[in-house]
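**Q** Contents of target-v6.txt (compact mmCIF, N, CA and C atoms and all ligand atoms) are given next:
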# COMPACT_ATOMS: atom_id res chain seq x y z
N MET A 1 -140.98 -1.93 -12.53
CA MET A 1 -142.09 -2.04 -13.48
C MET A 1 -141.73 -3.01 -14.60
N HIS A 2 -142.65 -3.92 -14.90
CA HIS A 2 -142.44 -4.87 -15.98
C HIS A 2 -142.96 -4.26 -17.31
N ILE A 3 -142.57 -4.89 -18.40
CA ILE A 3 -143.02 -4.42 -19.72
C ILE A 3 -144.54 -4.38 -19.77
N HIS A 4 -145.17 -5.41 -19.22
CA HIS A 4 -146.64 -5.48 -19.24
C HIS A 4 -147.25 -4.27 -18.50
N GLU A 5 -146.67 -3.94 -17.36
CA GLU A 5 -147.18 -2.80 -16.58
C GLU A 5 -146.97 -1.48 -17.33
N PHE A 6 -145.82 -1.36 -17.97
CA PHE A 6 -145.57 -0.16 -18.78
C PHE A 6 -146.61 -0.04 -19.88
N GLN A 7 -146.89 -1.17 -20.55
CA GLN A 7 -147.89 -1.15 -21.63
C GLN A 7 -149.26 -0.79 -21.10
N GLU A 8 -149.61 -1.30 -19.92
CA GLU A 8 -150.91 -0.96 -19.32
C GLU A 8 -150.96 0.53 -18.95
N MET A 9 -149.84 1.08 -18.49
CA MET A 9 -149.80 2.52 -18.20
C MET A 9 -150.03 3.32 -19.47
N MET A 10 -149.40 2.89 -20.55
CA MET A 10 -149.59 3.58 -21.83
C MET A 10 -151.04 3.48 -22.29
N ARG A 11 -151.66 2.32 -22.03
CA ARG A 11 -153.07 2.15 -22.39
C ARG A 11 -153.92 3.15 -21.59
N TYR A 12 -153.66 3.24 -20.29
CA TYR A 12 -154.42 4.15 -19.43
C TYR A 12 -154.25 5.60 -19.91
N LEU A 13 -153.02 5.97 -20.23
CA LEU A 13 -152.74 7.35 -20.63
C LEU A 13 -153.27 7.70 -22.01
N TYR A 14 -153.16 6.76 -22.96
CA TYR A 14 -153.31 7.16 -24.36
C TYR A 14 -154.26 6.34 -25.23
N ILE A 15 -154.93 5.33 -24.69
CA ILE A 15 -155.70 4.45 -25.60
C ILE A 15 -156.76 5.22 -26.37
N HIS A 16 -157.35 6.24 -25.75
CA HIS A 16 -158.39 7.00 -26.46
C HIS A 16 -157.78 7.73 -27.66
N ARG A 17 -156.61 8.31 -27.46
CA ARG A 17 -155.96 9.02 -28.57
C ARG A 17 -155.41 8.03 -29.60
N ASP A 18 -154.83 6.92 -29.10
CA ASP A 18 -154.27 5.91 -30.01
C ASP A 18 -155.38 5.31 -30.89
N SER A 19 -156.54 5.07 -30.28
CA SER A 19 -157.67 4.50 -31.03
C SER A 19 -158.15 5.46 -32.10
N ASP A 20 -158.22 6.74 -31.75
CA ASP A 20 -158.64 7.75 -32.73
C ASP A 20 -157.65 7.85 -33.89
N ARG A 21 -156.35 7.78 -33.57
CA ARG A 21 -155.31 7.90 -34.60
C ARG A 21 -155.30 6.67 -35.50
N GLY A 22 -155.52 5.52 -34.87
CA GLY A 22 -155.60 4.27 -35.62
C GLY A 22 -154.25 3.60 -35.86
N LEU A 23 -154.33 2.43 -36.46
CA LEU A 23 -153.15 1.58 -36.67
C LEU A 23 -152.10 2.25 -37.57
N LYS A 24 -152.53 2.72 -38.73
CA LYS A 24 -151.57 3.30 -39.67
C LYS A 24 -150.88 4.54 -39.09
N GLY A 25 -151.68 5.45 -38.52
CA GLY A 25 -151.12 6.67 -37.95
C GLY A 25 -150.15 6.39 -36.80
N THR A 26 -150.50 5.42 -35.99
CA THR A 26 -149.65 5.08 -34.84
C THR A 26 -148.38 4.39 -35.31
N TYR A 27 -148.50 3.52 -36.30
CA TYR A 27 -147.31 2.89 -36.89
C TYR A 27 -146.38 3.95 -37.48
N ASP A 28 -146.95 4.90 -38.19
CA ASP A 28 -146.13 5.96 -38.79
C ASP A 28 -145.39 6.77 -37.72
N TRP A 29 -146.06 7.02 -36.58
CA TRP A 29 -145.41 7.72 -35.47
C TRP A 29 -144.24 6.91 -34.92
N LEU A 30 -144.45 5.60 -34.79
CA LEU A 30 -143.37 4.73 -34.28
C LEU A 30 -142.16 4.81 -35.22
N VAL A 31 -142.41 4.73 -36.51
CA VAL A 31 -141.32 4.80 -37.49
C VAL A 31 -140.58 6.13 -37.36
N GLU A 32 -141.35 7.21 -37.20
CA GLU A 32 -140.73 8.53 -37.05
C GLU A 32 -139.87 8.59 -35.79
N GLU A 33 -140.37 7.99 -34.71
CA GLU A 33 -139.58 7.98 -33.47
C GLU A 33 -138.31 7.15 -33.61
N VAL A 34 -138.38 6.06 -34.35
CA VAL A 34 -137.18 5.24 -34.60
C VAL A 34 -136.16 6.06 -35.39
N GLU A 35 -136.66 6.84 -36.35
CA GLU A 35 -135.76 7.70 -37.12
C GLU A 35 -135.12 8.77 -36.23
N GLU A 36 -135.91 9.32 -35.31
CA GLU A 36 -135.35 10.31 -34.38
C GLU A 36 -134.31 9.66 -33.46
N LEU A 37 -134.54 8.41 -33.07
CA LEU A 37 -133.55 7.69 -32.27
C LEU A 37 -132.26 7.53 -33.07
N GLY A 38 -132.41 7.19 -34.34
CA GLY A 38 -131.24 7.05 -35.21
C GLY A 38 -130.44 8.33 -35.29
N GLU A 39 -131.13 9.45 -35.37
CA GLU A 39 -130.44 10.76 -35.40
C GLU A 39 -129.74 11.02 -34.06
N ALA A 40 -130.43 10.74 -32.97
CA ALA A 40 -129.86 10.98 -31.64
C ALA A 40 -128.59 10.15 -31.42
N LEU A 41 -128.59 8.94 -31.97
CA LEU A 41 -127.43 8.05 -31.79
C LEU A 41 -126.19 8.57 -32.51
N LYS A 42 -126.40 9.44 -33.49
CA LYS A 42 -125.25 10.04 -34.20
C LYS A 42 -124.60 11.14 -33.38
N GLY A 43 -125.34 11.68 -32.40
CA GLY A 43 -124.82 12.78 -31.60
C GLY A 43 -124.16 12.30 -30.31
N GLU A 44 -123.89 13.24 -29.44
CA GLU A 44 -123.21 12.92 -28.18
C GLU A 44 -124.08 13.25 -26.97
N ASP A 45 -125.34 13.63 -27.21
CA ASP A 45 -126.24 14.02 -26.13
C ASP A 45 -126.93 12.77 -25.58
N ASN A 46 -126.37 12.21 -24.52
CA ASN A 46 -126.88 10.96 -23.97
C ASN A 46 -128.30 11.09 -23.42
N GLU A 47 -128.61 12.25 -22.87
CA GLU A 47 -129.97 12.44 -22.33
C GLU A 47 -130.99 12.50 -23.46
N ALA A 48 -130.63 13.14 -24.56
CA ALA A 48 -131.53 13.19 -25.71
C ALA A 48 -131.73 11.79 -26.27
N THR A 49 -130.66 11.01 -26.33
CA THR A 49 -130.75 9.63 -26.81
C THR A 49 -131.67 8.82 -25.90
N GLN A 50 -131.52 9.01 -24.60
CA GLN A 50 -132.37 8.30 -23.63
C GLN A 50 -133.84 8.65 -23.86
N ARG A 51 -134.13 9.92 -24.11
CA ARG A 51 -135.53 10.32 -24.37
C ARG A 51 -136.06 9.67 -25.64
N GLU A 52 -135.23 9.51 -26.64
CA GLU A 52 -135.68 8.88 -27.88
C GLU A 52 -135.96 7.39 -27.68
N PHE A 53 -135.12 6.74 -26.88
CA PHE A 53 -135.41 5.34 -26.54
C PHE A 53 -136.77 5.25 -25.85
N ALA A 54 -137.03 6.18 -24.94
CA ALA A 54 -138.32 6.19 -24.22
C ALA A 54 -139.48 6.36 -25.20
N ASP A 55 -139.32 7.27 -26.17
CA ASP A 55 -140.38 7.49 -27.15
C ASP A 55 -140.63 6.23 -27.99
N VAL A 56 -139.55 5.55 -28.36
CA VAL A 56 -139.71 4.35 -29.20
C VAL A 56 -140.48 3.28 -28.45
N ILE A 57 -140.13 3.02 -27.19
CA ILE A 57 -140.84 1.97 -26.46
C ILE A 57 -142.28 2.40 -26.16
N ALA A 58 -142.50 3.71 -25.96
CA ALA A 58 -143.85 4.21 -25.70
C ALA A 58 -144.74 4.01 -26.93
N TRP A 59 -144.22 4.37 -28.10
CA TRP A 59 -145.03 4.21 -29.32
C TRP A 59 -145.18 2.75 -29.71
N LEU A 60 -144.19 1.93 -29.41
CA LEU A 60 -144.31 0.49 -29.63
C LEU A 60 -145.43 -0.08 -28.76
N ALA A 61 -145.49 0.38 -27.51
CA ALA A 61 -146.55 -0.07 -26.60
C ALA A 61 -147.92 0.40 -27.09
N SER A 62 -148.00 1.64 -27.57
CA SER A 62 -149.27 2.14 -28.11
C SER A 62 -149.74 1.30 -29.28
N LEU A 63 -148.80 1.00 -30.17
CA LEU A 63 -149.14 0.20 -31.35
C LEU A 63 -149.61 -1.20 -30.92
N ALA A 64 -148.92 -1.79 -29.97
CA ALA A 64 -149.31 -3.12 -29.48
C ALA A 64 -150.70 -3.06 -28.83
N ASN A 65 -151.00 -1.98 -28.13
CA ASN A 65 -152.33 -1.85 -27.53
C ASN A 65 -153.41 -1.82 -28.59
N ILE A 66 -153.15 -1.14 -29.68
CA ILE A 66 -154.16 -1.04 -30.74
C ILE A 66 -154.48 -2.42 -31.33
N VAL A 67 -153.45 -3.25 -31.50
CA VAL A 67 -153.68 -4.56 -32.12
C VAL A 67 -153.87 -5.69 -31.10
N GLY A 68 -153.83 -5.33 -29.80
CA GLY A 68 -154.10 -6.33 -28.77
C GLY A 68 -152.98 -7.34 -28.57
N ILE A 69 -151.75 -6.87 -28.73
CA ILE A 69 -150.59 -7.74 -28.48
C ILE A 69 -149.99 -7.37 -27.12
N ASP A 70 -149.73 -8.39 -26.29
CA ASP A 70 -149.06 -8.18 -25.01
C ASP A 70 -147.55 -8.26 -25.28
N LEU A 71 -146.88 -7.10 -25.21
CA LEU A 71 -145.46 -7.03 -25.57
C LEU A 71 -144.60 -7.95 -24.71
N GLU A 72 -144.88 -7.98 -23.42
CA GLU A 72 -144.06 -8.79 -22.52
C GLU A 72 -144.20 -10.27 -22.87
N LYS A 73 -145.43 -10.71 -23.09
CA LYS A 73 -145.69 -12.10 -23.44
C LYS A 73 -145.01 -12.43 -24.77
N ALA A 74 -145.15 -11.53 -25.75
CA ALA A 74 -144.56 -11.75 -27.06
C ALA A 74 -143.04 -11.88 -26.97
N ALA A 75 -142.43 -10.96 -26.20
CA ALA A 75 -140.97 -10.96 -26.09
C ALA A 75 -140.46 -12.20 -25.37
N ILE A 76 -141.11 -12.54 -24.27
CA ILE A 76 -140.64 -13.67 -23.46
C ILE A 76 -140.90 -15.00 -24.16
N GLU A 77 -142.01 -15.09 -24.90
CA GLU A 77 -142.28 -16.33 -25.62
C GLU A 77 -141.27 -16.57 -26.74
N LYS A 78 -140.82 -15.48 -27.36
CA LYS A 78 -139.86 -15.65 -28.46
C LYS A 78 -138.43 -15.78 -27.95
N TYR A 79 -138.08 -14.96 -26.94
CA TYR A 79 -136.69 -14.93 -26.43
C TYR A 79 -136.65 -15.54 -25.04
N ARG A 80 -136.53 -16.87 -24.99
CA ARG A 80 -136.57 -17.61 -23.74
C ARG A 80 -135.15 -17.96 -23.29
N ASN A 81 -134.36 -16.94 -23.02
CA ASN A 81 -132.99 -17.10 -22.51
C ASN A 81 -132.04 -17.75 -23.51
N VAL A 82 -132.53 -18.02 -24.71
CA VAL A 82 -131.66 -18.52 -25.78
C VAL A 82 -132.03 -17.78 -27.06
N CYS A 83 -131.10 -17.76 -28.00
CA CYS A 83 -131.38 -17.18 -29.32
C CYS A 83 -132.46 -18.04 -30.00
N PRO A 84 -133.56 -17.42 -30.48
CA PRO A 84 -134.62 -18.23 -31.09
C PRO A 84 -134.19 -18.92 -32.39
N LYS A 85 -133.09 -18.48 -32.98
CA LYS A 85 -132.64 -19.05 -34.26
C LYS A 85 -131.73 -20.26 -34.02
N CYS A 86 -130.65 -20.06 -33.26
CA CYS A 86 -129.68 -21.14 -33.04
C CYS A 86 -129.94 -21.88 -31.73
N GLU A 87 -130.83 -21.32 -30.90
CA GLU A 87 -131.19 -21.89 -29.60
C GLU A 87 -129.99 -22.03 -28.66
N LYS A 88 -129.00 -21.13 -28.81
CA LYS A 88 -127.84 -21.10 -27.92
C LYS A 88 -127.84 -19.80 -27.11
N ALA A 89 -127.14 -19.82 -25.99
CA ALA A 89 -126.94 -18.62 -25.18
C ALA A 89 -125.49 -18.56 -24.71
N PRO A 90 -124.72 -17.54 -25.09
CA PRO A 90 -125.08 -16.49 -26.04
C PRO A 90 -125.24 -17.06 -27.46
N CYS A 91 -125.89 -16.24 -28.30
CA CYS A 91 -126.13 -16.61 -29.70
C CYS A 91 -124.84 -17.02 -30.39
N GLN A 92 -124.94 -18.08 -31.19
CA GLN A 92 -123.77 -18.53 -31.97
C GLN A 92 -124.07 -18.55 -33.46
N CYS A 93 -125.11 -17.80 -33.87
CA CYS A 93 -125.43 -17.70 -35.30
C CYS A 93 -124.23 -17.10 -36.05
N GLU A 94 -124.04 -17.56 -37.27
CA GLU A 94 -122.99 -16.97 -38.10
C GLU A 94 -123.56 -15.77 -38.84
N PHE A 95 -122.72 -14.72 -38.95
CA PHE A 95 -123.16 -13.54 -39.69
C PHE A 95 -123.15 -13.82 -41.17
ZN ZN B 1 -128.32 -17.30 -32.68
Can you present the structure in this file as C-alpha cells?

**A**
Amino acid sequence: MHIHEFQEMMRYLYIHRDSDRGLKGTYDWLVEEVEELGEALKGEDNEATQREFADVIAWLASLANIVGIDLEKAAIEKYRNVCPKCEKAPCQCEF
C-alpha cells in the first residue's frame, strides 16, 4: 500500500467524521497523538509505540484530507531522494 492509498482508505473510513470535527479539532487530535507517541517512546513497549506511530499517520492523513493535500505527492515532491536543503544524499547539512 502506498501513502496515497492509505490516505484514500482513511478518507473512506472517516471523512464524514473528520468533516464534522473540522480543521481545528482534527489538528488538535493530531497534536495529542504526537504527544502520546512521545510518551510511548519513553517506555519499552514496542507494540504500544507502533500503535502510536499508526495513530499519528492516521490523523495526519485525516488532516490532509480535510485540506485537500495529497500526502504522497507532497512528500515526494519535497523529498526527491536528496535533502531539500543541501540537495545531497545522504544529507550533509551542518547542525
Ligand atoms: Zn541536508

**Q** Neighbouring residues of ligand ZN 1 (chain B) are defined here as those with any atom at most 5 Å from a ligand atom, counting only N, CA and C atoms and all ligand atoms; list them as a list in words.

**A**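 Final answer, ordered by chain and number: Cys83, Lys85, Cys86, Cys91, Gln92 and Cys93 of chain A.
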
**Q** So, counting only C-alpha atoms, which residue among A:Ile76, A:Val56, A:Val67, A:Leu23 is closest to Glu35 of chain A?

**A**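 For Glu35 of chain A, the nearest of the given residues is A:Val56.
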
**Q** From the options A:Ala48, A:Leu30, A:Val82, A:Leu13, which residue's atoms come nearest to Leu63 of chain A, counting all atoms listed in the file?

**A**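 Counting all atoms listed in the file, the residue closest to Leu63 of chain A is A:Leu30.
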
**Q** Any idea what the distance is between atom CA of Arg11 of chain A and atom CA of Ala64 of chain A?

**A** 9.6 Å

**Q** May I ask which of the residues A:Arg80, A:Asp18, A:Phe53, A:Lys88 is the closest one to Gly38 of chain A, counting only C-alpha atoms?

**A**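 Checking each candidate against Gly38 of chain A, we get A:Phe53 as the closest.
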
**Q** What is the atom CA of Ser19 of chain A to atom CA of Ala61 of chain A distance in Å?

**A**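 If I compute the distance from atom CA of Ser19 of chain A to atom CA of Ala61 of chain A, I get 12.8 Å.
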
**Q** Could you tell me how far atom N of Glu5 of chain A lies from atom CA of Asn65 of chain A, in Å and to one decimal?

**A**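 Interatomic distance, atom N of Glu5 of chain A to atom CA of Asn65 of chain A: 11.8 Å.
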
**Q** What residues in chain A get the DSSP label helix (DSSP H, G or I)? Please answer as a compact mmCIF listing (two decimals) with N, CA and C atoms, in the coordinates of the input.

**A**
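Done, and the output landed in out07.txt:
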# COMPACT_ATOMS: atom_id res chain seq x y z
N ILE A 3 -142.57 -4.89 -18.40
CA ILE A 3 -143.02 -4.42 -19.72
C ILE A 3 -144.54 -4.38 -19.77
N HIS A 4 -145.17 -5.41 -19.22
CA HIS A 4 -146.64 -5.48 -19.24
C HIS A 4 -147.25 -4.27 -18.50
N GLU A 5 -146.67 -3.94 -17.36
CA GLU A 5 -147.18 -2.80 -16.58
C GLU A 5 -146.97 -1.48 -17.33
N PHE A 6 -145.82 -1.36 -17.97
CA PHE A 6 -145.57 -0.16 -18.78
C PHE A 6 -146.61 -0.04 -19.88
N GLN A 7 -146.89 -1.17 -20.55
CA GLN A 7 -147.89 -1.15 -21.63
C GLN A 7 -149.26 -0.79 -21.10
N GLU A 8 -149.61 -1.30 -19.92
CA GLU A 8 -150.91 -0.96 -19.32
C GLU A 8 -150.96 0.53 -18.95
N MET A 9 -149.84 1.08 -18.49
CA MET A 9 -149.80 2.52 -18.20
C MET A 9 -150.03 3.32 -19.47
N MET A 10 -149.40 2.89 -20.55
CA MET A 10 -149.59 3.58 -21.83
C MET A 10 -151.04 3.48 -22.29
N ARG A 11 -151.66 2.32 -22.03
CA ARG A 11 -153.07 2.15 -22.39
C ARG A 11 -153.92 3.15 -21.59
N TYR A 12 -153.66 3.24 -20.29
CA TYR A 12 -154.42 4.15 -19.43
C TYR A 12 -154.25 5.60 -19.91
N LEU A 13 -153.02 5.97 -20.23
CA LEU A 13 -152.74 7.35 -20.63
C LEU A 13 -153.27 7.70 -22.01
N TYR A 14 -153.16 6.76 -22.96
CA TYR A 14 -153.31 7.16 -24.36
C TYR A 14 -154.26 6.34 -25.23
N ILE A 15 -154.93 5.33 -24.69
CA ILE A 15 -155.70 4.45 -25.60
C ILE A 15 -156.76 5.22 -26.37
N HIS A 16 -157.35 6.24 -25.75
CA HIS A 16 -158.39 7.00 -26.46
C HIS A 16 -157.78 7.73 -27.66
N ARG A 17 -156.61 8.31 -27.46
CA ARG A 17 -155.96 9.02 -28.57
C ARG A 17 -155.41 8.03 -29.60
N ASP A 18 -154.83 6.92 -29.10
CA ASP A 18 -154.27 5.91 -30.01
C ASP A 18 -155.38 5.31 -30.89
N SER A 19 -156.54 5.07 -30.28
CA SER A 19 -157.67 4.50 -31.03
C SER A 19 -158.15 5.46 -32.10
N ASP A 20 -158.22 6.74 -31.75
CA ASP A 20 -158.64 7.75 -32.73
C ASP A 20 -157.65 7.85 -33.89
N ARG A 21 -156.35 7.78 -33.57
CA ARG A 21 -155.31 7.90 -34.60
C ARG A 21 -155.30 6.67 -35.50
N GLY A 22 -155.52 5.52 -34.87
CA GLY A 22 -155.60 4.27 -35.62
C GLY A 22 -154.25 3.60 -35.86
N LEU A 23 -154.33 2.43 -36.46
CA LEU A 23 -153.15 1.58 -36.67
C LEU A 23 -152.10 2.25 -37.57
N LYS A 24 -152.53 2.72 -38.73
CA LYS A 24 -151.57 3.30 -39.67
C LYS A 24 -150.88 4.54 -39.09
N GLY A 25 -151.68 5.45 -38.52
CA GLY A 25 -151.12 6.67 -37.95
C GLY A 25 -150.15 6.39 -36.80
N THR A 26 -150.50 5.42 -35.99
CA THR A 26 -149.65 5.08 -34.84
C THR A 26 -148.38 4.39 -35.31
N TYR A 27 -148.50 3.52 -36.30
CA TYR A 27 -147.31 2.89 -36.89
C TYR A 27 -146.38 3.95 -37.48
N ASP A 28 -146.95 4.90 -38.19
CA ASP A 28 -146.13 5.96 -38.79
C ASP A 28 -145.39 6.77 -37.72
N TRP A 29 -146.06 7.02 -36.58
CA TRP A 29 -145.41 7.72 -35.47
C TRP A 29 -144.24 6.91 -34.92
N LEU A 30 -144.45 5.60 -34.79
CA LEU A 30 -143.37 4.73 -34.28
C LEU A 30 -142.16 4.81 -35.22
N VAL A 31 -142.41 4.73 -36.51
CA VAL A 31 -141.32 4.80 -37.49
C VAL A 31 -140.58 6.13 -37.36
N GLU A 32 -141.35 7.21 -37.20
CA GLU A 32 -140.73 8.53 -37.05
C GLU A 32 -139.87 8.59 -35.79
N GLU A 33 -140.37 7.99 -34.71
CA GLU A 33 -139.58 7.98 -33.47
C GLU A 33 -138.31 7.15 -33.61
N VAL A 34 -138.38 6.06 -34.35
CA VAL A 34 -137.18 5.24 -34.60
C VAL A 34 -136.16 6.06 -35.39
N GLU A 35 -136.66 6.84 -36.35
CA GLU A 35 -135.76 7.70 -37.12
C GLU A 35 -135.12 8.77 -36.23
N GLU A 36 -135.91 9.32 -35.31
CA GLU A 36 -135.35 10.31 -34.38
C GLU A 36 -134.31 9.66 -33.46
N LEU A 37 -134.54 8.41 -33.07
CA LEU A 37 -133.55 7.69 -32.27
C LEU A 37 -132.26 7.53 -33.07
N GLY A 38 -132.41 7.19 -34.34
CA GLY A 38 -131.24 7.05 -35.21
C GLY A 38 -130.44 8.33 -35.29
N GLU A 39 -131.13 9.45 -35.37
CA GLU A 39 -130.44 10.76 -35.40
C GLU A 39 -129.74 11.02 -34.06
N ALA A 40 -130.43 10.74 -32.97
CA ALA A 40 -129.86 10.98 -31.64
C ALA A 40 -128.59 10.15 -31.42
N LEU A 41 -128.59 8.94 -31.97
CA LEU A 41 -127.43 8.05 -31.79
C LEU A 41 -126.19 8.57 -32.51
N LYS A 42 -126.40 9.44 -33.49
CA LYS A 42 -125.25 10.04 -34.20
C LYS A 42 -124.60 11.14 -33.38
N ASN A 46 -126.37 12.21 -24.52
CA ASN A 46 -126.88 10.96 -23.97
C ASN A 46 -128.30 11.09 -23.42
N GLU A 47 -128.61 12.25 -22.87
CA GLU A 47 -129.97 12.44 -22.33
C GLU A 47 -130.99 12.50 -23.46
N ALA A 48 -130.63 13.14 -24.56
CA ALA A 48 -131.53 13.19 -25.71
C ALA A 48 -131.73 11.79 -26.27
N THR A 49 -130.66 11.01 -26.33
CA THR A 49 -130.75 9.63 -26.81
C THR A 49 -131.67 8.82 -25.90
N GLN A 50 -131.52 9.01 -24.60
CA GLN A 50 -132.37 8.30 -23.63
C GLN A 50 -133.84 8.65 -23.86
N ARG A 51 -134.13 9.92 -24.11
CA ARG A 51 -135.53 10.32 -24.37
C ARG A 51 -136.06 9.67 -25.64
N GLU A 52 -135.23 9.51 -26.64
CA GLU A 52 -135.68 8.88 -27.88
C GLU A 52 -135.96 7.39 -27.68
N PHE A 53 -135.12 6.74 -26.88
CA PHE A 53 -135.41 5.34 -26.54
C PHE A 53 -136.77 5.25 -25.85
N ALA A 54 -137.03 6.18 -24.94
CA ALA A 54 -138.32 6.19 -24.22
C ALA A 54 -139.48 6.36 -25.20
N ASP A 55 -139.32 7.27 -26.17
CA ASP A 55 -140.38 7.49 -27.15
C ASP A 55 -140.63 6.23 -27.99
N VAL A 56 -139.55 5.55 -28.36
CA VAL A 56 -139.71 4.35 -29.20
C VAL A 56 -140.48 3.28 -28.45
N ILE A 57 -140.13 3.02 -27.19
CA ILE A 57 -140.84 1.97 -26.46
C ILE A 57 -142.28 2.40 -26.16
N ALA A 58 -142.50 3.71 -25.96
CA ALA A 58 -143.85 4.21 -25.70
C ALA A 58 -144.74 4.01 -26.93
N TRP A 59 -144.22 4.37 -28.10
CA TRP A 59 -145.03 4.21 -29.32
C TRP A 59 -145.18 2.75 -29.71
N LEU A 60 -144.19 1.93 -29.41
CA LEU A 60 -144.31 0.49 -29.63
C LEU A 60 -145.43 -0.08 -28.76
N ALA A 61 -145.49 0.38 -27.51
CA ALA A 61 -146.55 -0.07 -26.60
C ALA A 61 -147.92 0.40 -27.09
N SER A 62 -148.00 1.64 -27.57
CA SER A 62 -149.27 2.14 -28.11
C SER A 62 -149.74 1.30 -29.28
N LEU A 63 -148.80 1.00 -30.17
CA LEU A 63 -149.14 0.20 -31.35
C LEU A 63 -149.61 -1.20 -30.92
N ALA A 64 -148.92 -1.79 -29.97
CA ALA A 64 -149.31 -3.12 -29.48
C ALA A 64 -150.70 -3.06 -28.83
N ASN A 65 -151.00 -1.98 -28.13
CA ASN A 65 -152.33 -1.85 -27.53
C ASN A 65 -153.41 -1.82 -28.59
N ILE A 66 -153.15 -1.14 -29.68
CA ILE A 66 -154.16 -1.04 -30.74
C ILE A 66 -154.48 -2.42 -31.33
N VAL A 67 -153.45 -3.25 -31.50
CA VAL A 67 -153.68 -4.56 -32.12
C VAL A 67 -153.87 -5.69 -31.10
N LEU A 71 -146.88 -7.10 -25.21
CA LEU A 71 -145.46 -7.03 -25.57
C LEU A 71 -144.60 -7.95 -24.71
N GLU A 72 -144.88 -7.98 -23.42
CA GLU A 72 -144.06 -8.79 -22.52
C GLU A 72 -144.20 -10.27 -22.87
N LYS A 73 -145.43 -10.71 -23.09
CA LYS A 73 -145.69 -12.10 -23.44
C LYS A 73 -145.01 -12.43 -24.77
N ALA A 74 -145.15 -11.53 -25.75
CA ALA A 74 -144.56 -11.75 -27.06
C ALA A 74 -143.04 -11.88 -26.97
N ALA A 75 -142.43 -10.96 -26.20
CA ALA A 75 -140.97 -10.96 -26.09
C ALA A 75 -140.46 -12.20 -25.37
N ILE A 76 -141.11 -12.54 -24.27
CA ILE A 76 -140.64 -13.67 -23.46
C ILE A 76 -140.90 -15.00 -24.16
N GLU A 77 -142.01 -15.09 -24.90
CA GLU A 77 -142.28 -16.33 -25.62
C GLU A 77 -141.27 -16.57 -26.74
N LYS A 78 -140.82 -15.48 -27.36
CA LYS A 78 -139.86 -15.65 -28.46
C LYS A 78 -138.43 -15.78 -27.95

**Q** Once you count only C-alpha atoms, which residues end up no further than 10 Å from (-142.6, 3.1, -27.6) in the file's frame, shown as a PyMOL selection string?

**A** chain A and resi 6-7+10+29-30+33-34+52-64

**Q** Using only N, CA and C atoms, which of the listed residues (A:Pro84, A:Lys73, A:Asp28, A:Lys78) sits closest to Ile3 of chain A?

**A**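 Between A:Pro84, A:Lys73, A:Asp28, A:Lys78, the residue approaching Ile3 of chain A most closely is A:Lys73.
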
**Q** Will you model all heavy atoms for segment 13-17 of chain A and pass it back as a tab-separated table (two decimals), keeping the file's coordinate frame?

**A**
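Contents of result-v8.tsv, as written:
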chain	number	residue	atom	x	y	z
A	13	LEU	N	-153.02	5.97	-20.23
A	13	LEU	CA	-152.74	7.35	-20.63
A	13	LEU	C	-153.27	7.70	-22.01
A	13	LEU	O	-153.77	8.81	-22.23
A	13	LEU	CB	-151.23	7.61	-20.61
A	13	LEU	CG	-150.53	7.62	-19.26
A	13	LEU	CD1	-149.02	7.76	-19.45
A	13	LEU	CD2	-151.07	8.74	-18.38
A	14	TYR	N	-153.16	6.76	-22.96
A	14	TYR	CA	-153.31	7.16	-24.36
A	14	TYR	C	-154.26	6.34	-25.23
A	14	TYR	O	-154.38	6.64	-26.42
A	14	TYR	CB	-151.92	7.13	-25.04
A	14	TYR	CG	-150.95	8.12	-24.47
A	14	TYR	CD1	-149.76	7.70	-23.88
A	14	TYR	CD2	-151.22	9.49	-24.50
A	14	TYR	CE1	-148.85	8.61	-23.35
A	14	TYR	CE2	-150.32	10.40	-23.97
A	14	TYR	CZ	-149.13	9.95	-23.40
A	14	TYR	OH	-148.25	10.85	-22.88
A	15	ILE	N	-154.93	5.33	-24.69
A	15	ILE	CA	-155.70	4.45	-25.60
A	15	ILE	C	-156.76	5.22	-26.37
A	15	ILE	O	-157.01	4.93	-27.54
A	15	ILE	CB	-156.31	3.23	-24.85
A	15	ILE	CG1	-156.85	2.19	-25.85
A	15	ILE	CG2	-157.41	3.66	-23.88
A	15	ILE	CD1	-155.83	1.55	-26.73
A	16	HIS	N	-157.35	6.24	-25.75
A	16	HIS	CA	-158.39	7.00	-26.46
A	16	HIS	C	-157.78	7.73	-27.66
A	16	HIS	O	-158.35	7.74	-28.75
A	16	HIS	CB	-159.10	7.97	-25.51
A	16	HIS	CG	-158.22	8.98	-24.84
A	16	HIS	ND1	-157.19	8.63	-23.97
A	16	HIS	CD2	-158.20	10.32	-24.92
A	16	HIS	CE1	-156.60	9.73	-23.55
A	16	HIS	NE2	-157.18	10.78	-24.11
A	17	ARG	N	-156.61	8.31	-27.46
A	17	ARG	CA	-155.96	9.02	-28.57
A	17	ARG	C	-155.41	8.03	-29.60
A	17	ARG	O	-155.50	8.26	-30.81
A	17	ARG	CB	-154.83	9.90	-28.05
A	17	ARG	CG	-155.34	10.97	-27.08
A	17	ARG	CD	-154.22	11.84	-26.60
A	17	ARG	NE	-153.58	12.51	-27.72
A	17	ARG	CZ	-153.01	13.70	-27.67
A	17	ARG	NH1	-152.99	14.36	-26.54
A	17	ARG	NH2	-152.43	14.23	-28.72
